[in-house]
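J.: Here you go, one structure.
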Amino acid sequence: MDPLTPEARSANMRAVRRTNTAPEMVVRRLLHSAGYRYRLHAKDLPGSPDIVFPGRKQVIFVHGCFWHGHGCRAGRPPQTRQDYWLPKIARNQERDAAAVDALSQSGWRSMLIWQCEISPGDLLMQQIEDFLGPVSGARILPTCDI
């Protein structure tokens, strides 16, 4: 049984953001501190990837476990209103797969990072570096001797 009233649950769900989520912000900070530069939420690409590396033709999706139906503990569907939630999560999964397939058909490589995979440590950064390759485009700015 849901401990919240239907009105409170509705308000709670409306507060969930689509972009700039906490897991996405963690990944973005990690990438930026490592020297990677990227674009955000490219609406012109299938699935509007969260993080886009146009020069590399690579994208990163940061998925919430609940909303995208991950098999982990946080990704379990709710026990109430399963007639609503199960089809909704299944549609999200179908849309995710179609977006990755369309990107692949266009020559883009995709990486998926689940919310539950974001934890302190170097494992996630190593996986990202394995996917993206070395940081490129580092520029040394000339100094001015006045």
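Chain labels run A, B, ... following the order of the structure tokens; each chain numbers its residues from 1, and ligands are numbered from 1 in the order shown.
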I'd like to know which residues of range 17-135 of chain A are strand (DSSP E) (by DSSP, run on the backbone); could you write them as a PDB file with N, CA and C atoms, in the first residue's frame?
T.:
```pdb
ATOM      1  N   ARG A  39      28.581  18.296 -25.247  1.00  0.00           N
ATOM      2  CA  ARG A  39      27.327  19.020 -25.416  1.00  0.00           C
ATOM      3  C   ARG A  39      26.259  18.281 -24.599  1.00  0.00           C
ATOM      4  N   LEU A  40      25.177  18.975 -24.316  1.00  0.00           N
ATOM      5  CA  LEU A  40      24.112  18.386 -23.504  1.00  0.00           C
ATOM      6  C   LEU A  40      22.821  18.238 -24.285  1.00  0.00           C
ATOM      7  N   ILE A  51      24.574  13.286 -22.717  1.00  0.00           N
ATOM      8  CA  ILE A  51      25.910  13.849 -22.922  1.00  0.00           C
ATOM      9  C   ILE A  51      26.370  13.446 -24.320  1.00  0.00           C
ATOM     10  N   VAL A  52      26.792  14.431 -25.105  1.00  0.00           N
ATOM     11  CA  VAL A  52      27.129  14.190 -26.505  1.00  0.00           C
ATOM     12  C   VAL A  52      28.541  14.677 -26.792  1.00  0.00           C
ATOM     13  N   PHE A  53      29.296  13.846 -27.481  1.00  0.00           N
ATOM     14  CA  PHE A  53      30.644  14.179 -27.942  1.00  0.00           C
ATOM     15  C   PHE A  53      30.601  14.193 -29.465  1.00  0.00           C
ATOM     16  N   GLN A  58      30.040  10.004 -30.295  1.00  0.00           N
ATOM     17  CA  GLN A  58      29.742   9.143 -29.160  1.00  0.00           C
ATOM     18  C   GLN A  58      28.786   9.888 -28.225  1.00  0.00           C
ATOM     19  N   VAL A  59      27.921   9.118 -27.573  1.00  0.00           N
ATOM     20  CA  VAL A  59      26.969   9.690 -26.630  1.00  0.00           C
ATOM     21  C   VAL A  59      26.932   8.852 -25.363  1.00  0.00           C
ATOM     22  N   ILE A  60      26.510   9.492 -24.281  1.00  0.00           N
ATOM     23  CA  ILE A  60      26.304   8.800 -23.012  1.00  0.00           C
ATOM     24  C   ILE A  60      24.887   9.092 -22.551  1.00  0.00           C
ATOM     25  N   PHE A  61      24.176   8.018 -22.222  1.00  0.00           N
ATOM     26  CA  PHE A  61      22.866   8.123 -21.593  1.00  0.00           C
ATOM     27  C   PHE A  61      23.044   7.815 -20.110  1.00  0.00           C
ATOM     28  N   VAL A  62      22.485   8.636 -19.240  1.00  0.00           N
ATOM     29  CA  VAL A  62      22.480   8.374 -17.806  1.00  0.00           C
ATOM     30  C   VAL A  62      21.034   8.064 -17.437  1.00  0.00           C
ATOM     31  N   HIS A  63      20.767   6.799 -17.124  1.00  0.00           N
ATOM     32  CA  HIS A  63      19.397   6.358 -16.875  1.00  0.00           C
ATOM     33  C   HIS A  63      19.130   6.141 -15.394  1.00  0.00           C
ATOM     34  N   ARG A 109      28.289   5.847 -31.469  1.00  0.00           N
ATOM     35  CA  ARG A 109      28.469   4.837 -30.420  1.00  0.00           C
ATOM     36  C   ARG A 109      27.816   5.352 -29.151  1.00  0.00           C
ATOM     37  N   SER A 110      27.170   4.450 -28.414  1.00  0.00           N
ATOM     38  CA  SER A 110      26.437   4.827 -27.207  1.00  0.00           C
ATOM     39  C   SER A 110      26.963   4.094 -25.993  1.00  0.00           C
ATOM     40  N   MET A 111      26.946   4.783 -24.872  1.00  0.00           N
ATOM     41  CA  MET A 111      27.265   4.181 -23.579  1.00  0.00           C
ATOM     42  C   MET A 111      26.087   4.468 -22.656  1.00  0.00           C
ATOM     43  N   LEU A 112      25.710   3.473 -21.878  1.00  0.00           N
ATOM     44  CA  LEU A 112      24.617   3.608 -20.938  1.00  0.00           C
ATOM     45  C   LEU A 112      25.173   3.501 -19.528  1.00  0.00           C
ATOM     46  N   ILE A 113      24.890   4.508 -18.716  1.00  0.00           N
ATOM     47  CA  ILE A 113      25.306   4.484 -17.314  1.00  0.00           C
ATOM     48  C   ILE A 113      24.031   4.468 -16.474  1.00  0.00           C
ATOM     49  N   TRP A 114      23.906   3.434 -15.645  1.00  0.00           N
ATOM     50  CA  TRP A 114      22.755   3.318 -14.759  1.00  0.00           C
ATOM     51  C   TRP A 114      23.019   4.081 -13.471  1.00  0.00           C
TER      52      TRP A 114
END
```
J.: Go through A:Gln93, A:Trp85, A:Leu132, A:Lys57 one by one, measure the shortest atom-to-atom distance of each to Gly71 in chain A using only C-alpha atoms, and give the residue with the smallest value.
T.: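 Residue with the minimum atom-to-atom distance to Gly71 in chain A: A:Gln93.
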J.: For the structure I just gave you, how does DSSP split range 36-128 of chain A - specifically, which residues are helix (DSSP H, G or I)? Reply as a ChimeraX atom specification.
T.: /A:65-68,73-75,82-105,115-117,123-128
J.: Given the choices A:Asp83, A:Asp130, A:Glu117, A:Asp122, which gets closest to Cys65 in chain A if the distance is worked out from only C-alpha atoms?
T.: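 Among the listed residues, the smallest separation from Cys65 in chain A belongs to A:Glu117.
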J.: Given only C-alpha atoms as the basis, pick out the residue of A:Met25, A:Arg73, A:Leu30, A:Thr80 nearest to Gly121 in chain A.
T.: A:Leu30
J.: Rank nothing, just name the residue among A:Gln115, A:Thr5, A:Gln126, A:Gln105 nearest to Gly75 in chain A, using only C-alpha atoms.
T.: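 Closest residue, counting only C-alpha atoms: A:Gln115.
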J.: Quick one: everything within 12 Å of Ala97 in chain A, counting only C-alpha atoms, minus sequence neighbours fewer than 3 positions away in the same chain. Send it as a PDB file with N, CA, C and O atoms, in the first residue's frame.
T.:
```pdb
ATOM      1  N   PRO A  46      18.529  10.965 -32.033  1.00  0.00           N
ATOM      2  CA  PRO A  46      17.503  10.077 -31.470  1.00  0.00           C
ATOM      3  C   PRO A  46      17.700   9.873 -29.973  1.00  0.00           C
ATOM      4  O   PRO A  46      18.814   9.632 -29.500  1.00  0.00           O
ATOM      5  N   GLY A  47      16.625  10.010 -29.218  1.00  0.00           N
ATOM      6  CA  GLY A  47      16.675   9.799 -27.784  1.00  0.00           C
ATOM      7  C   GLY A  47      17.192  10.974 -26.987  1.00  0.00           C
ATOM      8  O   GLY A  47      17.270  10.900 -25.773  1.00  0.00           O
ATOM      9  N   PHE A  61      24.176   8.018 -22.222  1.00  0.00           N
ATOM     10  CA  PHE A  61      22.866   8.123 -21.593  1.00  0.00           C
ATOM     11  C   PHE A  61      23.044   7.815 -20.110  1.00  0.00           C
ATOM     12  O   PHE A  61      23.684   6.823 -19.762  1.00  0.00           O
ATOM     13  N   HIS A  68      13.688   3.521 -16.150  1.00  0.00           N
ATOM     14  CA  HIS A  68      14.090   2.776 -17.345  1.00  0.00           C
ATOM     15  C   HIS A  68      14.113   1.265 -17.110  1.00  0.00           C
ATOM     16  O   HIS A  68      14.582   0.521 -17.958  1.00  0.00           O
ATOM     17  N   ALA A  90       7.884  -0.392 -19.775  1.00  0.00           N
ATOM     18  CA  ALA A  90       8.166  -1.157 -20.995  1.00  0.00           C
ATOM     19  C   ALA A  90       8.284  -0.225 -22.201  1.00  0.00           C
ATOM     20  O   ALA A  90       9.165  -0.412 -23.052  1.00  0.00           O
ATOM     21  N   ARG A  91       7.427   0.799 -22.283  1.00  0.00           N
ATOM     22  CA  ARG A  91       7.522   1.779 -23.378  1.00  0.00           C
ATOM     23  C   ARG A  91       8.840   2.543 -23.297  1.00  0.00           C
ATOM     24  O   ARG A  91       9.475   2.821 -24.319  1.00  0.00           O
ATOM     25  N   ASN A  92       9.254   2.898 -22.086  1.00  0.00           N
ATOM     26  CA  ASN A  92      10.544   3.583 -21.919  1.00  0.00           C
ATOM     27  C   ASN A  92      11.679   2.709 -22.431  1.00  0.00           C
ATOM     28  O   ASN A  92      12.580   3.189 -23.122  1.00  0.00           O
ATOM     29  N   GLN A  93      11.651   1.429 -22.088  1.00  0.00           N
ATOM     30  CA  GLN A  93      12.703   0.514 -22.521  1.00  0.00           C
ATOM     31  C   GLN A  93      12.709   0.360 -24.040  1.00  0.00           C
ATOM     32  O   GLN A  93      13.774   0.333 -24.665  1.00  0.00           O
ATOM     33  N   GLU A  94      11.522   0.269 -24.640  1.00  0.00           N
ATOM     34  CA  GLU A  94      11.436   0.165 -26.103  1.00  0.00           C
ATOM     35  C   GLU A  94      11.975   1.426 -26.764  1.00  0.00           C
ATOM     36  O   GLU A  94      12.699   1.356 -27.761  1.00  0.00           O
ATOM     37  N   VAL A 100      19.017   3.927 -29.276  1.00  0.00           N
ATOM     38  CA  VAL A 100      20.383   3.397 -29.403  1.00  0.00           C
ATOM     39  C   VAL A 100      20.571   2.768 -30.781  1.00  0.00           C
ATOM     40  O   VAL A 100      21.613   2.957 -31.425  1.00  0.00           O
ATOM     41  N   ASP A 101      19.562   2.052 -31.267  1.00  0.00           N
ATOM     42  CA  ASP A 101      19.644   1.433 -32.587  1.00  0.00           C
ATOM     43  C   ASP A 101      19.739   2.499 -33.681  1.00  0.00           C
ATOM     44  O   ASP A 101      20.560   2.377 -34.599  1.00  0.00           O
ATOM     45  N   ALA A 102      18.917   3.538 -33.587  1.00  0.00           N
ATOM     46  CA  ALA A 102      18.958   4.614 -34.587  1.00  0.00           C
ATOM     47  C   ALA A 102      20.306   5.336 -34.564  1.00  0.00           C
ATOM     48  O   ALA A 102      20.854   5.677 -35.617  1.00  0.00           O
ATOM     49  N   LEU A 103      20.844   5.555 -33.387  1.00  0.00           N
ATOM     50  CA  LEU A 103      22.166   6.182 -33.285  1.00  0.00           C
ATOM     51  C   LEU A 103      23.225   5.291 -33.932  1.00  0.00           C
ATOM     52  O   LEU A 103      24.081   5.770 -34.676  1.00  0.00           O
ATOM     53  N   SER A 104      23.159   4.006 -33.647  1.00  0.00           N
ATOM     54  CA  SER A 104      24.123   3.061 -34.213  1.00  0.00           C
ATOM     55  C   SER A 104      24.035   3.043 -35.738  1.00  0.00           C
ATOM     56  O   SER A 104      25.064   3.020 -36.425  1.00  0.00           O
ATOM     57  N   SER A 110      27.170   4.450 -28.414  1.00  0.00           N
ATOM     58  CA  SER A 110      26.437   4.827 -27.207  1.00  0.00           C
ATOM     59  C   SER A 110      26.963   4.094 -25.993  1.00  0.00           C
ATOM     60  O   SER A 110      27.336   2.925 -26.076  1.00  0.00           O
ATOM     61  N   LEU A 112      25.710   3.473 -21.878  1.00  0.00           N
ATOM     62  CA  LEU A 112      24.617   3.608 -20.938  1.00  0.00           C
ATOM     63  C   LEU A 112      25.173   3.501 -19.528  1.00  0.00           C
ATOM     64  O   LEU A 112      25.864   2.531 -19.206  1.00  0.00           O
TER      65      LEU A 112
END
```
